[in-house]
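Q: The structure is given below, and queries will be raised subsequently.
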Amino acid sequence: MYESQGNPEKFMDDRKKTRQEKFDEARRRRINHVEERIEEQRQRVNKRFEQVNERLQSETPRRNPYDVWRRSPDSRRQPKLSRDDMVAAAVRLADAEGLDALSMRRLAQELGTGTMSLYYYVQTKDELLSLVVNEVMSEVLLPADQPMPEHWRDAIRVIATRTRDALENHRWILDVKSDPSMGPSSILHFEQSMQAT
């Protein structure tokens with residue numbers, strides 16, 4: 001510092017450098033303080049999330065994937081439409097616009113009702129998909145008044161033809177990525193296939 005007293009430019013440069021160093025140090029302290037606060041907040045949020053998650057896990061009843069087939073509707077409420085109406089509309093929507101278009105909101109618009117009213121019939125979209133897949137599988141089944149051919153090749157041919165027709169009519173069914181619960185139509189299809197062989 002004493003060396004720069006004889007040179008005013010050097011003195012000013014040293015003074016600027018000192019001011020800049022003080023500014024940089026103050027900035028680093030502020031940044032460190034903010035980062036510490038952010039970390040504290042993150043830890044508080046994570047702790048709160050874990051508490052809420054634990055509470056939800058303990059309070060939420062475990063859903064059995066087959067509940068959709070066994071659950072009876074809430075008898076205190078009078079539905080505007082039937083579950084069959086909802087499923088038929090969902091199949092029509094998926095046929096017309098594809099599986100990606102099938103959302104609870106879009107289905108509610110199609111039915112002219114509120115989105116939340118659909119939860120009277122299903123609790124999740126996966127349950128809706130289970131019902132929709134079951135509806136498509138019902139097209140694969142041989143009608144009760146049509147006897148199963150006696151020769152196994154003929155029986156398999158009839159089942160395969162009905163399966164192909166259903167898949168051609170509902171191409172989106174192959175896009176169902178979740179594993180819907182096996183519904184009554186799927187079980188009957190399995191039984192008919194076993195009977196054929």
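So you can find residues: chains in the structure tokens are A, B, ... in the order shown, residues in each start at 1, and ligands are numbered from 1 in order.
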Excluding Val176 in chain A and any residue of its chain fewer than 6 positions from it, enumerate the residues within 12 Å of it, using only C-alpha atoms, and give them as a short mmCIF file (atom, residue, chain, number, x, y, z; two decimals) with N, CA and C atoms, in the first residue's frame.
A:
data_model
loop_
_atom_site.label_atom_id
_atom_site.label_comp_id
_atom_site.auth_asym_id
_atom_site.auth_seq_id
_atom_site.Cartn_x
_atom_site.Cartn_y
_atom_site.Cartn_z
N ALA A 94 -62.72 -43.41 -27.22
CA ALA A 94 -61.44 -44.02 -27.60
C ALA A 94 -61.46 -44.45 -29.06
N GLY A 98 -58.91 -42.02 -30.07
CA GLY A 98 -57.73 -42.72 -29.56
C GLY A 98 -57.69 -42.73 -28.04
N LEU A 99 -56.84 -43.60 -27.52
CA LEU A 99 -56.76 -43.80 -26.07
C LEU A 99 -56.26 -42.55 -25.35
N ASP A 100 -55.36 -41.78 -25.99
CA ASP A 100 -54.84 -40.58 -25.34
C ASP A 100 -55.93 -39.56 -25.05
N LEU A 102 -58.86 -40.25 -24.03
CA LEU A 102 -59.72 -40.75 -22.95
C LEU A 102 -59.19 -40.30 -21.60
N LYS A 125 -58.63 -43.73 -12.88
CA LYS A 125 -58.68 -43.94 -14.33
C LYS A 125 -58.35 -45.40 -14.65
N ASP A 126 -57.50 -46.03 -13.85
CA ASP A 126 -57.19 -47.44 -14.08
C ASP A 126 -58.45 -48.31 -13.96
N LEU A 128 -61.43 -47.26 -14.67
CA LEU A 128 -62.17 -46.98 -15.92
C LEU A 128 -61.60 -47.83 -17.05
N LEU A 129 -60.27 -47.90 -17.14
CA LEU A 129 -59.65 -48.71 -18.20
C LEU A 129 -60.00 -50.18 -18.03
N SER A 130 -60.09 -50.65 -16.81
CA SER A 130 -60.49 -52.05 -16.59
C SER A 130 -61.89 -52.30 -17.14
N VAL A 132 -63.41 -50.55 -19.48
CA VAL A 132 -63.39 -50.38 -20.94
C VAL A 132 -62.81 -51.63 -21.60
N VAL A 133 -61.71 -52.15 -21.05
CA VAL A 133 -61.11 -53.38 -21.61
C VAL A 133 -62.10 -54.53 -21.49
N HIS A 170 -61.35 -51.74 -32.39
CA HIS A 170 -60.84 -50.94 -31.26
C HIS A 170 -59.31 -51.01 -31.24
#
Q: Taking the DSSP assignment computed from this structure's backbone, write out as a ChimeraX atom specification all residues of chain A that belong to alpha helix (DSSP H).
A: /A:8-59,67-70,83-97,104-111,125-140,152-169,184-196
Q: Print the selection's residues with C-alpha atoms to a file, as a compact mmCIF listing (two decimals), in the first residue's frame.
A:
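Everything below was put into part03.txt:
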# COMPACT_ATOMS: atom_id res chain seq x y z
CA PRO A 8 -1.93 7.99 -7.67
CA GLU A 9 -3.14 5.60 -10.42
CA LYS A 10 -1.76 2.61 -8.59
CA PHE A 11 -3.34 3.91 -5.37
CA MET A 12 -6.73 4.18 -7.07
CA ASP A 13 -6.35 0.70 -8.60
CA ASP A 14 -5.54 -0.76 -5.18
CA ARG A 15 -8.48 1.07 -3.63
CA LYS A 16 -10.84 -0.20 -6.38
CA LYS A 17 -9.49 -3.68 -5.91
CA THR A 18 -10.07 -3.46 -2.18
CA ARG A 19 -13.63 -2.23 -2.73
CA GLN A 20 -14.23 -4.99 -5.29
CA GLU A 21 -12.84 -7.60 -2.90
CA LYS A 22 -15.12 -6.31 -0.12
CA PHE A 23 -18.07 -6.36 -2.50
CA ASP A 24 -17.21 -9.90 -3.66
CA GLU A 25 -16.84 -11.09 -0.07
CA ALA A 26 -20.18 -9.57 0.92
CA ARG A 27 -21.79 -11.15 -2.14
CA ARG A 28 -20.32 -14.56 -1.30
CA ARG A 29 -21.64 -14.25 2.26
CA ARG A 30 -25.13 -13.38 0.97
CA ILE A 31 -25.04 -16.26 -1.49
CA ASN A 32 -23.92 -18.68 1.23
CA HIS A 33 -26.64 -17.39 3.54
CA VAL A 34 -29.30 -17.84 0.84
CA GLU A 35 -28.02 -21.33 0.00
CA GLU A 36 -28.15 -22.29 3.69
CA ARG A 37 -31.73 -21.00 3.95
CA ILE A 38 -32.70 -22.92 0.81
CA GLU A 39 -31.19 -26.11 2.24
CA GLU A 40 -33.03 -25.60 5.54
CA GLN A 41 -36.30 -25.07 3.65
CA ARG A 42 -35.66 -28.13 1.50
CA GLN A 43 -35.08 -30.25 4.60
CA ARG A 44 -38.25 -28.90 6.24
CA VAL A 45 -40.28 -29.59 3.09
CA ASN A 46 -38.87 -33.13 2.78
CA LYS A 47 -39.61 -33.83 6.44
CA ARG A 48 -43.17 -32.51 6.07
CA PHE A 49 -43.65 -34.51 2.87
CA GLU A 50 -42.56 -37.70 4.64
CA GLN A 51 -44.96 -36.99 7.53
CA VAL A 52 -47.89 -36.36 5.19
CA ASN A 53 -47.00 -39.39 3.07
CA GLU A 54 -46.85 -41.64 6.14
CA ARG A 55 -50.20 -40.33 7.32
CA LEU A 56 -51.76 -40.88 3.91
CA GLN A 57 -50.34 -44.39 3.71
CA SER A 58 -51.81 -45.25 7.09
CA GLU A 59 -55.21 -43.64 6.41
CA ASP A 67 -62.79 -53.89 -6.23
CA VAL A 68 -64.24 -52.32 -9.36
CA TRP A 69 -66.11 -55.58 -10.05
CA ARG A 70 -67.33 -56.10 -6.48
CA ARG A 83 -71.96 -47.34 -15.35
CA ASP A 84 -72.78 -49.04 -18.66
CA ASP A 85 -73.53 -45.61 -20.19
CA MET A 86 -70.19 -44.32 -18.96
CA VAL A 87 -68.27 -47.33 -20.30
CA ALA A 88 -70.04 -47.17 -23.68
CA ALA A 89 -69.19 -43.46 -23.97
CA ALA A 90 -65.55 -44.18 -23.03
CA VAL A 91 -65.31 -46.85 -25.75
CA ARG A 92 -66.89 -44.49 -28.32
CA LEU A 93 -64.48 -41.73 -27.34
CA ALA A 94 -61.44 -44.02 -27.60
CA ASP A 95 -62.70 -45.37 -30.95
CA ALA A 96 -63.15 -41.86 -32.34
CA GLU A 97 -60.12 -40.07 -30.90
CA MET A 104 -61.91 -38.28 -16.96
CA ARG A 105 -62.42 -34.65 -17.95
CA ARG A 106 -62.95 -35.44 -21.63
CA LEU A 107 -65.32 -38.30 -20.81
CA ALA A 108 -67.33 -36.03 -18.52
CA GLN A 109 -67.65 -33.50 -21.36
CA GLU A 110 -68.82 -36.27 -23.67
CA LEU A 111 -71.46 -37.31 -21.14
CA LYS A 125 -58.68 -43.94 -14.33
CA ASP A 126 -57.19 -47.44 -14.08
CA GLU A 127 -60.58 -48.71 -12.93
CA LEU A 128 -62.17 -46.98 -15.92
CA LEU A 129 -59.65 -48.71 -18.20
CA SER A 130 -60.49 -52.05 -16.59
CA LEU A 131 -64.17 -51.51 -17.38
CA VAL A 132 -63.39 -50.38 -20.94
CA VAL A 133 -61.11 -53.38 -21.61
CA ASN A 134 -63.80 -55.67 -20.20
CA GLU A 135 -66.33 -54.11 -22.61
CA VAL A 136 -64.06 -54.76 -25.59
CA MET A 137 -63.41 -58.31 -24.37
CA SER A 138 -67.17 -58.90 -24.31
CA GLU A 139 -67.10 -58.56 -28.11
CA VAL A 140 -64.64 -61.46 -28.30
CA TRP A 152 -61.06 -77.72 -31.79
CA ARG A 153 -59.70 -76.10 -34.97
CA ASP A 154 -63.11 -74.71 -35.86
CA ALA A 155 -63.59 -73.47 -32.30
CA ILE A 156 -60.19 -71.74 -32.24
CA ARG A 157 -60.91 -70.24 -35.68
CA VAL A 158 -64.19 -68.73 -34.42
CA ILE A 159 -62.51 -67.31 -31.30
CA ALA A 160 -59.56 -65.97 -33.31
CA THR A 161 -61.89 -64.33 -35.84
CA ARG A 162 -63.91 -62.65 -33.10
CA THR A 163 -60.68 -61.50 -31.43
CA ARG A 164 -59.35 -60.07 -34.70
CA ASP A 165 -62.64 -58.26 -35.35
CA ALA A 166 -62.64 -56.73 -31.86
CA LEU A 167 -59.02 -55.58 -32.25
CA GLU A 168 -59.77 -54.07 -35.66
CA ASN A 169 -62.79 -52.22 -34.28
CA PRO A 184 -65.73 -61.07 -16.16
CA SER A 185 -65.43 -60.95 -19.96
CA SER A 186 -61.73 -61.80 -19.83
CA ILE A 187 -62.43 -64.74 -17.54
CA LEU A 188 -65.21 -66.02 -19.82
CA HIS A 189 -62.92 -65.61 -22.84
CA PHE A 190 -60.29 -67.69 -21.07
CA GLU A 191 -62.89 -70.35 -20.24
CA GLN A 192 -64.18 -70.43 -23.83
CA SER A 193 -60.62 -70.74 -25.13
CA MET A 194 -59.96 -73.65 -22.77
CA GLN A 195 -63.25 -75.25 -23.80
CA ALA A 196 -62.23 -74.94 -27.45
Q: Between CA of Thr197 in chain A and CA of His151 in chain A, what is the spacing in Å?
A: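 Interatomic distance, CA of His151 in chain A to CA of Thr197 in chain A: 8.6 Å.
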Q: May I ask for the distance between CA of Met182 in chain A and CA of Lys80 in chain A, given in Å to one decimal place?
A: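 Atom-to-atom, CA of Met182 in chain A to CA of Lys80 in chain A, that is 27.1 Å.
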